[in-house]
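Okay, upload_38.cif is below, mmCIF, N, CA and C atoms and all ligand atoms:
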data_data
#
loop_
_atom_site.label_atom_id
_atom_site.label_comp_id
_atom_site.auth_asym_id
_atom_site.auth_seq_id
_atom_site.Cartn_x
_atom_site.Cartn_y
_atom_site.Cartn_z
N MET A 12 100.83 124.14 81.58
CA MET A 12 101.66 123.28 80.71
C MET A 12 102.93 124.02 80.28
N ARG A 13 104.05 123.33 80.35
CA ARG A 13 105.33 123.89 80.00
C ARG A 13 105.70 123.36 78.61
N THR A 14 106.22 124.24 77.78
CA THR A 14 106.66 123.79 76.46
C THR A 14 108.18 123.59 76.49
N VAL A 15 108.61 122.40 76.12
CA VAL A 15 110.04 122.08 76.13
C VAL A 15 110.45 121.48 74.79
N ASN A 16 111.78 121.39 74.61
CA ASN A 16 112.29 120.76 73.40
C ASN A 16 112.42 119.25 73.61
N CYS A 17 112.02 118.51 72.62
CA CYS A 17 112.15 117.06 72.67
C CYS A 17 113.63 116.69 72.75
N ALA A 18 113.95 115.75 73.65
CA ALA A 18 115.34 115.34 73.85
C ALA A 18 115.90 114.63 72.62
N ARG A 19 115.03 114.13 71.77
CA ARG A 19 115.52 113.37 70.62
C ARG A 19 115.53 114.22 69.35
N CYS A 20 114.41 114.86 69.01
CA CYS A 20 114.34 115.56 67.73
C CYS A 20 114.39 117.07 67.87
N GLY A 21 114.26 117.56 69.12
CA GLY A 21 114.36 119.00 69.34
C GLY A 21 113.07 119.76 69.09
N ARG A 22 112.05 119.07 68.61
CA ARG A 22 110.77 119.70 68.38
C ARG A 22 110.17 120.21 69.70
N LEU A 23 109.47 121.33 69.65
CA LEU A 23 108.80 121.84 70.85
C LEU A 23 107.52 121.04 71.09
N TYR A 24 107.32 120.69 72.35
CA TYR A 24 106.08 119.99 72.69
C TYR A 24 105.69 120.35 74.11
N GLU A 25 104.44 120.06 74.46
CA GLU A 25 103.96 120.37 75.81
C GLU A 25 104.38 119.25 76.75
N TYR A 26 105.21 119.62 77.73
CA TYR A 26 105.75 118.64 78.66
C TYR A 26 104.65 118.07 79.54
N ASN A 27 104.60 116.73 79.58
CA ASN A 27 103.55 116.07 80.37
C ASN A 27 104.07 115.59 81.71
N GLY A 28 105.32 115.91 82.03
CA GLY A 28 105.90 115.50 83.30
C GLY A 28 106.38 114.06 83.30
N ILE A 29 106.26 113.37 82.20
CA ILE A 29 106.67 111.96 82.15
C ILE A 29 107.83 111.76 81.18
N SER A 30 107.64 112.15 79.94
CA SER A 30 108.63 111.80 78.92
C SER A 30 109.43 113.01 78.48
N ASP A 31 110.74 112.78 78.23
CA ASP A 31 111.59 113.82 77.66
C ASP A 31 111.42 113.90 76.16
N TYR A 32 110.56 113.06 75.63
CA TYR A 32 110.35 113.00 74.19
C TYR A 32 108.99 113.59 73.82
N CYS A 33 108.93 114.16 72.63
CA CYS A 33 107.65 114.62 72.10
C CYS A 33 106.78 113.41 71.78
N PRO A 34 105.47 113.58 71.63
CA PRO A 34 104.59 112.43 71.39
C PRO A 34 105.02 111.57 70.21
N ILE A 35 105.55 112.19 69.17
CA ILE A 35 105.97 111.43 67.99
C ILE A 35 107.16 110.54 68.33
N CYS A 36 108.15 111.13 69.02
CA CYS A 36 109.33 110.36 69.38
C CYS A 36 109.00 109.31 70.43
N MET A 37 108.03 109.60 71.30
CA MET A 37 107.61 108.65 72.31
C MET A 37 107.06 107.41 71.64
N GLN A 38 106.27 107.62 70.61
CA GLN A 38 105.71 106.49 69.85
C GLN A 38 106.83 105.70 69.19
N TYR A 39 107.78 106.42 68.62
CA TYR A 39 108.93 105.80 67.98
C TYR A 39 109.74 105.01 68.99
N ASP A 40 109.93 105.62 70.16
CA ASP A 40 110.68 105.02 71.26
C ASP A 40 110.00 103.72 71.69
N GLU A 41 108.70 103.79 71.89
CA GLU A 41 107.92 102.64 72.33
C GLU A 41 107.96 101.54 71.27
N ALA A 42 107.80 101.93 70.00
CA ALA A 42 107.81 100.96 68.90
C ALA A 42 109.16 100.25 68.84
N ASN A 43 110.24 101.01 69.02
CA ASN A 43 111.58 100.42 69.03
C ASN A 43 111.72 99.43 70.16
N PHE A 44 111.21 99.83 71.31
CA PHE A 44 111.31 98.96 72.48
C PHE A 44 110.58 97.64 72.22
N GLN A 45 109.40 97.74 71.61
CA GLN A 45 108.63 96.53 71.28
C GLN A 45 109.41 95.66 70.30
N ARG A 46 110.06 96.29 69.33
CA ARG A 46 110.85 95.54 68.35
C ARG A 46 112.01 94.81 69.03
N ILE A 47 112.65 95.50 69.97
CA ILE A 47 113.76 94.87 70.71
C ILE A 47 113.23 93.67 71.49
N LYS A 48 112.09 93.87 72.14
CA LYS A 48 111.49 92.79 72.93
C LYS A 48 111.21 91.56 72.06
N GLU A 49 110.61 91.81 70.89
CA GLU A 49 110.32 90.71 69.97
C GLU A 49 111.61 90.04 69.50
N TYR A 50 112.58 90.87 69.18
CA TYR A 50 113.87 90.34 68.71
C TYR A 50 114.48 89.44 69.78
N LEU A 51 114.40 89.89 71.03
CA LEU A 51 114.98 89.12 72.14
C LEU A 51 114.20 87.85 72.42
N ASN A 52 112.91 87.85 72.09
CA ASN A 52 112.13 86.62 72.22
C ASN A 52 112.61 85.59 71.21
N GLU A 53 112.92 86.06 70.01
CA GLU A 53 113.39 85.16 68.95
C GLU A 53 114.86 84.78 69.16
N HIS A 54 115.64 85.73 69.64
CA HIS A 54 117.07 85.49 69.87
C HIS A 54 117.39 85.79 71.33
N PRO A 55 117.06 84.86 72.23
CA PRO A 55 117.15 85.18 73.67
C PRO A 55 118.55 85.61 74.13
N LYS A 56 119.58 85.21 73.44
CA LYS A 56 120.91 85.57 73.93
C LYS A 56 121.63 86.55 73.00
N ALA A 57 120.86 87.34 72.29
CA ALA A 57 121.46 88.31 71.38
C ALA A 57 122.26 89.34 72.16
N THR A 58 123.38 89.76 71.60
CA THR A 58 124.17 90.81 72.24
C THR A 58 123.58 92.17 71.85
N VAL A 59 124.03 93.20 72.57
CA VAL A 59 123.57 94.55 72.27
C VAL A 59 123.88 94.89 70.82
N MET A 60 125.09 94.52 70.39
CA MET A 60 125.49 94.82 69.01
C MET A 60 124.60 94.11 68.01
N GLN A 61 124.27 92.85 68.29
CA GLN A 61 123.40 92.09 67.39
C GLN A 61 122.03 92.74 67.28
N VAL A 62 121.50 93.17 68.42
CA VAL A 62 120.19 93.83 68.41
C VAL A 62 120.28 95.13 67.61
N ALA A 63 121.34 95.90 67.89
CA ALA A 63 121.51 97.19 67.23
C ALA A 63 121.59 97.04 65.71
N THR A 64 122.42 96.10 65.26
CA THR A 64 122.58 95.93 63.82
C THR A 64 121.38 95.20 63.22
N GLY A 65 120.86 94.21 63.95
CA GLY A 65 119.72 93.44 63.46
C GLY A 65 118.48 94.28 63.26
N LEU A 66 118.28 95.26 64.13
CA LEU A 66 117.07 96.08 64.07
C LEU A 66 117.35 97.48 63.56
N ASP A 67 118.62 97.79 63.36
CA ASP A 67 119.02 99.13 62.95
C ASP A 67 118.55 100.18 63.96
N ILE A 68 118.80 99.87 65.22
CA ILE A 68 118.49 100.79 66.33
C ILE A 68 119.82 101.24 66.93
N PRO A 69 120.01 102.54 67.17
CA PRO A 69 121.30 102.98 67.73
C PRO A 69 121.59 102.33 69.08
N VAL A 70 122.85 101.96 69.30
CA VAL A 70 123.28 101.36 70.57
C VAL A 70 122.89 102.26 71.74
N LYS A 71 123.01 103.58 71.51
CA LYS A 71 122.66 104.58 72.52
C LYS A 71 121.24 104.37 73.05
N MET A 72 120.33 104.07 72.15
CA MET A 72 118.93 103.88 72.54
C MET A 72 118.77 102.62 73.38
N ILE A 73 119.48 101.56 72.97
CA ILE A 73 119.40 100.30 73.72
C ILE A 73 119.96 100.52 75.12
N LYS A 74 121.04 101.28 75.18
CA LYS A 74 121.66 101.60 76.46
C LYS A 74 120.67 102.36 77.35
N LYS A 75 119.90 103.23 76.74
CA LYS A 75 118.91 104.00 77.48
C LYS A 75 117.86 103.07 78.08
N TYR A 76 117.40 102.08 77.32
CA TYR A 76 116.41 101.12 77.85
C TYR A 76 117.01 100.33 78.99
N LEU A 77 118.30 100.01 78.88
CA LEU A 77 118.97 99.27 79.95
C LEU A 77 119.05 100.12 81.20
N ARG A 78 119.40 101.39 81.03
CA ARG A 78 119.48 102.32 82.16
C ARG A 78 118.13 102.45 82.85
N GLU A 79 117.10 102.49 82.07
CA GLU A 79 115.76 102.64 82.64
C GLU A 79 115.28 101.35 83.29
N GLY A 80 116.09 100.29 83.15
CA GLY A 80 115.71 99.01 83.73
C GLY A 80 114.63 98.30 82.95
N ARG A 81 114.41 98.74 81.70
CA ARG A 81 113.37 98.10 80.90
C ARG A 81 113.91 96.87 80.19
N LEU A 82 115.22 96.84 80.00
CA LEU A 82 115.87 95.68 79.39
C LEU A 82 116.93 95.19 80.35
N GLU A 83 117.23 93.90 80.24
CA GLU A 83 118.33 93.37 81.03
C GLU A 83 119.18 92.49 80.13
N ILE A 84 120.48 92.54 80.33
CA ILE A 84 121.37 91.67 79.56
C ILE A 84 121.43 90.33 80.27
N VAL A 85 121.14 89.26 79.51
CA VAL A 85 120.97 87.96 80.15
C VAL A 85 122.28 87.25 80.44
N GLU A 86 123.21 87.31 79.51
CA GLU A 86 124.44 86.57 79.70
C GLU A 86 125.33 87.24 80.73
N ALA A 87 125.82 86.44 81.66
CA ALA A 87 126.60 86.99 82.78
C ALA A 87 127.79 87.81 82.30
N GLU A 88 128.46 87.35 81.25
CA GLU A 88 129.68 88.05 80.82
C GLU A 88 129.37 89.23 79.90
N ASN A 89 128.11 89.37 79.57
CA ASN A 89 127.73 90.41 78.62
C ASN A 89 127.32 91.69 79.34
N PHE A 90 128.26 92.25 80.08
CA PHE A 90 127.97 93.48 80.81
C PHE A 90 128.13 94.67 79.87
N PHE A 91 127.22 95.56 79.97
CA PHE A 91 127.24 96.66 79.01
C PHE A 91 127.20 98.03 79.69
N LEU A 92 126.69 98.08 80.88
CA LEU A 92 126.59 99.35 81.61
C LEU A 92 127.59 99.37 82.75
N GLU A 93 127.86 100.56 83.26
CA GLU A 93 128.70 100.65 84.44
C GLU A 93 127.85 101.18 85.60
N CYS A 94 128.17 100.72 86.80
CA CYS A 94 127.53 101.23 88.00
C CYS A 94 127.86 102.72 88.10
N GLU A 95 126.86 103.54 88.34
CA GLU A 95 127.07 104.99 88.39
C GLU A 95 127.88 105.41 89.62
N LYS A 96 127.99 104.51 90.59
CA LYS A 96 128.70 104.86 91.82
C LYS A 96 130.15 104.38 91.79
N CYS A 97 130.37 103.09 91.45
CA CYS A 97 131.72 102.54 91.55
C CYS A 97 132.29 102.14 90.19
N GLY A 98 131.50 102.17 89.12
CA GLY A 98 132.01 101.89 87.78
C GLY A 98 132.12 100.42 87.42
N VAL A 99 131.69 99.56 88.31
CA VAL A 99 131.71 98.11 88.04
C VAL A 99 130.68 97.79 86.94
N PRO A 100 130.98 96.86 86.03
CA PRO A 100 130.01 96.56 84.98
C PRO A 100 128.73 95.94 85.55
N ILE A 101 127.61 96.37 85.03
CA ILE A 101 126.32 95.85 85.50
C ILE A 101 125.45 95.48 84.31
N LYS A 102 124.38 94.77 84.57
CA LYS A 102 123.50 94.29 83.50
C LYS A 102 122.31 95.19 83.27
N THR A 103 121.81 95.80 84.32
CA THR A 103 120.63 96.64 84.17
C THR A 103 120.58 97.68 85.28
N GLY A 104 119.83 98.74 85.07
CA GLY A 104 119.64 99.74 86.10
C GLY A 104 120.80 100.71 86.20
N ARG A 105 121.00 101.30 87.36
CA ARG A 105 122.01 102.35 87.54
C ARG A 105 123.14 101.96 88.48
N PHE A 106 122.90 101.05 89.41
CA PHE A 106 123.92 100.69 90.40
C PHE A 106 124.13 99.19 90.45
N CYS A 107 125.32 98.76 90.85
CA CYS A 107 125.59 97.34 91.02
C CYS A 107 124.93 96.87 92.32
N ASP A 108 124.86 95.54 92.46
CA ASP A 108 124.19 94.97 93.63
C ASP A 108 124.80 95.46 94.93
N SER A 109 126.15 95.52 94.99
CA SER A 109 126.79 95.88 96.26
C SER A 109 126.57 97.36 96.57
N CYS A 110 126.49 98.22 95.52
CA CYS A 110 126.21 99.63 95.78
C CYS A 110 124.76 99.82 96.23
N ILE A 111 123.87 98.98 95.69
CA ILE A 111 122.47 99.06 96.13
C ILE A 111 122.42 98.70 97.62
N ARG A 112 123.19 97.64 97.97
CA ARG A 112 123.26 97.26 99.39
C ARG A 112 123.86 98.39 100.21
N ASP A 113 124.94 99.01 99.68
CA ASP A 113 125.57 100.14 100.37
C ASP A 113 124.59 101.27 100.57
N LEU A 114 123.82 101.56 99.54
CA LEU A 114 122.85 102.65 99.64
C LEU A 114 121.84 102.34 100.73
N ASP A 115 121.43 101.05 100.79
CA ASP A 115 120.50 100.62 101.84
C ASP A 115 121.13 100.78 103.21
N SER A 116 122.36 100.23 103.36
CA SER A 116 123.01 100.28 104.67
C SER A 116 123.43 101.72 104.98
N GLY A 117 123.63 102.53 103.92
CA GLY A 117 123.93 103.94 104.11
C GLY A 117 122.85 104.61 104.94
N ILE A 118 121.62 104.26 104.63
CA ILE A 118 120.49 104.83 105.37
C ILE A 118 120.56 104.36 106.82
N LYS A 119 120.86 103.05 106.98
CA LYS A 119 120.97 102.50 108.34
C LYS A 119 122.10 103.17 109.10
N LYS A 120 123.23 103.43 108.37
CA LYS A 120 124.39 104.06 108.99
C LYS A 120 124.01 105.43 109.56
N VAL A 121 123.24 106.19 108.79
CA VAL A 121 122.81 107.51 109.23
C VAL A 121 122.04 107.38 110.54
N ILE A 122 121.17 106.37 110.59
CA ILE A 122 120.39 106.16 111.81
C ILE A 122 121.31 105.81 112.97
N ASN A 123 122.28 104.88 112.71
CA ASN A 123 123.22 104.49 113.76
C ASN A 123 124.05 105.68 114.23
N GLU A 124 124.49 106.52 113.28
CA GLU A 124 125.28 107.69 113.64
C GLU A 124 124.46 108.62 114.53
N ALA A 125 123.21 108.80 114.19
CA ALA A 125 122.34 109.64 115.00
C ALA A 125 122.25 109.08 116.41
N LYS A 126 122.15 107.74 116.50
CA LYS A 126 122.09 107.09 117.81
C LYS A 126 123.37 107.31 118.59
N SER A 127 124.53 107.14 117.91
CA SER A 127 125.80 107.28 118.63
C SER A 127 126.03 108.74 119.01
N ASN A 128 125.47 109.67 118.27
CA ASN A 128 125.56 111.08 118.65
C ASN A 128 124.86 111.31 119.99
N ILE A 129 123.71 110.69 120.14
CA ILE A 129 122.97 110.80 121.40
C ILE A 129 123.81 110.23 122.53
N ASN A 130 124.44 109.06 122.26
CA ASN A 130 125.33 108.44 123.25
C ASN A 130 126.47 109.38 123.61
N ASN A 131 127.06 110.03 122.58
CA ASN A 131 128.16 110.96 122.82
C ASN A 131 127.71 112.10 123.72
N ILE A 132 126.54 112.62 123.46
CA ILE A 132 126.01 113.71 124.28
C ILE A 132 125.88 113.25 125.72
N ASN A 133 125.36 112.01 125.89
CA ASN A 133 125.23 111.46 127.24
C ASN A 133 126.59 111.33 127.91
N ASN A 134 127.58 110.81 127.12
CA ASN A 134 128.93 110.66 127.68
C ASN A 134 129.50 112.00 128.10
N ARG A 135 129.31 113.01 127.21
CA ARG A 135 129.85 114.33 127.50
C ARG A 135 129.25 114.85 128.81
N ARG A 136 127.96 114.63 128.96
CA ARG A 136 127.30 115.11 130.19
C ARG A 136 127.94 114.49 131.43
N SER A 137 128.20 113.15 131.33
CA SER A 137 128.79 112.52 132.52
C SER A 137 130.21 113.04 132.73
N ASP A 138 130.92 113.38 131.63
CA ASP A 138 132.25 113.99 131.76
C ASP A 138 132.17 115.29 132.55
N GLU A 139 131.21 116.11 132.15
CA GLU A 139 131.07 117.40 132.82
C GLU A 139 130.80 117.23 134.31
N LYS A 140 129.98 116.25 134.60
CA LYS A 140 129.66 115.99 135.99
C LYS A 140 130.93 115.68 136.79
N MET A 141 131.78 114.84 136.18
CA MET A 141 133.04 114.46 136.81
C MET A 141 133.87 115.71 137.14
N ARG A 142 133.97 116.57 136.12
CA ARG A 142 134.78 117.78 136.32
C ARG A 142 134.18 118.64 137.44
N TYR A 143 132.88 118.69 137.44
CA TYR A 143 132.19 119.50 138.45
C TYR A 143 132.52 118.98 139.85
N LEU A 144 132.45 117.65 139.97
CA LEU A 144 132.79 117.06 141.24
C LEU A 144 134.23 117.37 141.64
N ASP A 145 135.12 117.28 140.62
CA ASP A 145 136.52 117.60 140.87
C ASP A 145 136.67 118.99 141.45
N LYS A 146 135.96 119.94 140.80
CA LYS A 146 136.02 121.33 141.26
C LYS A 146 135.58 121.43 142.70
N ASN A 147 134.52 120.69 143.03
CA ASN A 147 134.01 120.70 144.40
C ASN A 147 135.08 120.26 145.39
N LYS A 148 135.81 119.22 144.93
CA LYS A 148 136.87 118.67 145.78
C LYS A 148 137.92 119.74 146.08
N ILE A 149 138.25 120.55 145.01
CA ILE A 149 139.28 121.57 145.17
C ILE A 149 138.82 122.61 146.19
N LYS A 150 137.52 122.94 146.12
CA LYS A 150 136.98 123.93 147.05
C LYS A 150 137.09 123.38 148.44
ZN ZN A 201 110.77 114.38 69.26
ZN ZN A 202 128.71 99.92 92.30
#
Could you spell out this file's structure in C-alpha cells?
Amino acid sequence: MRTVNCARCGRLYEYNGISDYCPICMQYDEANFQRIKEYLNEHPKATVMQVATGLDIPVKMIKKYLREGRLEIVEAENFFLECEKCGVPIKTGRFCDSCIRDLDSGIKKVINEAKSNINNINNRRSDEKMRYLDKNKIK
C-alpha cells in the first residue's frame, strides 16, 4: 500500500488505486454527486451556475464530474467544457465527437500506413530489379 496526499484536503491516506481522494473526501465527493443528481432531477435544465449556487458546490467540482463523464449538460447551447484536443466546446467527457472519430480513424490510419509501407517496399524492390536489368543491358 502506498500512502499519498488527498487531492482535495491534503490528508495522507492509503492509496487504493482508484480515487485521488481520501476516504472522507470520497464520501463527500459521492454525497455531492448524489445531491447534484437529485437537483437535476428536480430542475432538469439547471445550468452549472444554478447547480453550483443552489447546492453551494464549487463549479470546479461540477466540472470534474463532467470531465469524468458522470454528468452531462443537457441544453445544446450550454457548453461548459472544452475538447482537450481541439478546444471546441463539449457537453461531457474529454473530447468532442469529431475528435473521438479522429482518434478512431487515427488507429485505422496507422494500419493503412503500415499497409502502404509494405507496398512501398514492394515497389522499391521492383525498382531495384529494373536497375539491375539496366546494368545487365550495359554489360
Ligand atoms: Zn481528503
Ligand atoms: Zn475536438
Spatial neighbours of A:Arg19, max dist 8 Å, all atoms listed in the file, sep filter under 5 positions, as a PyMOL selection string: chain A and resi 31-33+36
Stretch 41-59 of chain A: axis-aligned bounding box, 6 Å on each side, centre and edge lengths in Å, one decimal, as AutoDock Vina command-line options:
--center_x 116.0 --center_y 94.3 --center_z 71.2 --size_x 28.4 --size_y 31.0 --size_z 17.8
Between chain A and ligand ZN 202 (chain A), at 7 Å or less, what are the per-residue closest atom pairs and their distances in Å? Count all atoms listed in the file, order by chain and rising residue number, and return it as JSON lines.
{"residue": "A:Glu93", "atom": "C", "partner": "A:ZN202", "partner_atom": "ZN", "distance": 6.9}
{"residue": "A:Cys94", "atom": "CA", "partner": "A:ZN202", "partner_atom": "ZN", "distance": 4.6}
{"residue": "A:Glu95", "atom": "N", "partner": "A:ZN202", "partner_atom": "ZN", "distance": 5.7}
{"residue": "A:Lys96", "atom": "C", "partner": "A:ZN202", "partner_atom": "ZN", "distance": 4.7}
{"residue": "A:Cys97", "atom": "N", "partner": "A:ZN202", "partner_atom": "ZN", "distance": 3.7}
{"residue": "A:Gly98", "atom": "N", "partner": "A:ZN202", "partner_atom": "ZN", "distance": 4.8}
{"residue": "A:Val99", "atom": "N", "partner": "A:ZN202", "partner_atom": "ZN", "distance": 5.0}
{"residue": "A:Phe106", "atom": "C", "partner": "A:ZN202", "partner_atom": "ZN", "distance": 5.0}
{"residue": "A:Cys107", "atom": "N", "partner": "A:ZN202", "partner_atom": "ZN", "distance": 3.9}
{"residue": "A:Asp108", "atom": "N", "partner": "A:ZN202", "partner_atom": "ZN", "distance": 5.8}
{"residue": "A:Ser109", "atom": "C", "partner": "A:ZN202", "partner_atom": "ZN", "distance": 5.4}
{"residue": "A:Cys110", "atom": "N", "partner": "A:ZN202", "partner_atom": "ZN", "distance": 4.3}
{"residue": "A:Ile111", "atom": "N", "partner": "A:ZN202", "partner_atom": "ZN", "distance": 6.0}
Atom-to-atom span, atom C of A:Met60 and atom N of A:Pro34, Å: 27.5 Å
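Here atom CA of A:Ile47 is placed at a distance of 7.5 Å from atom CA of A:Leu66.
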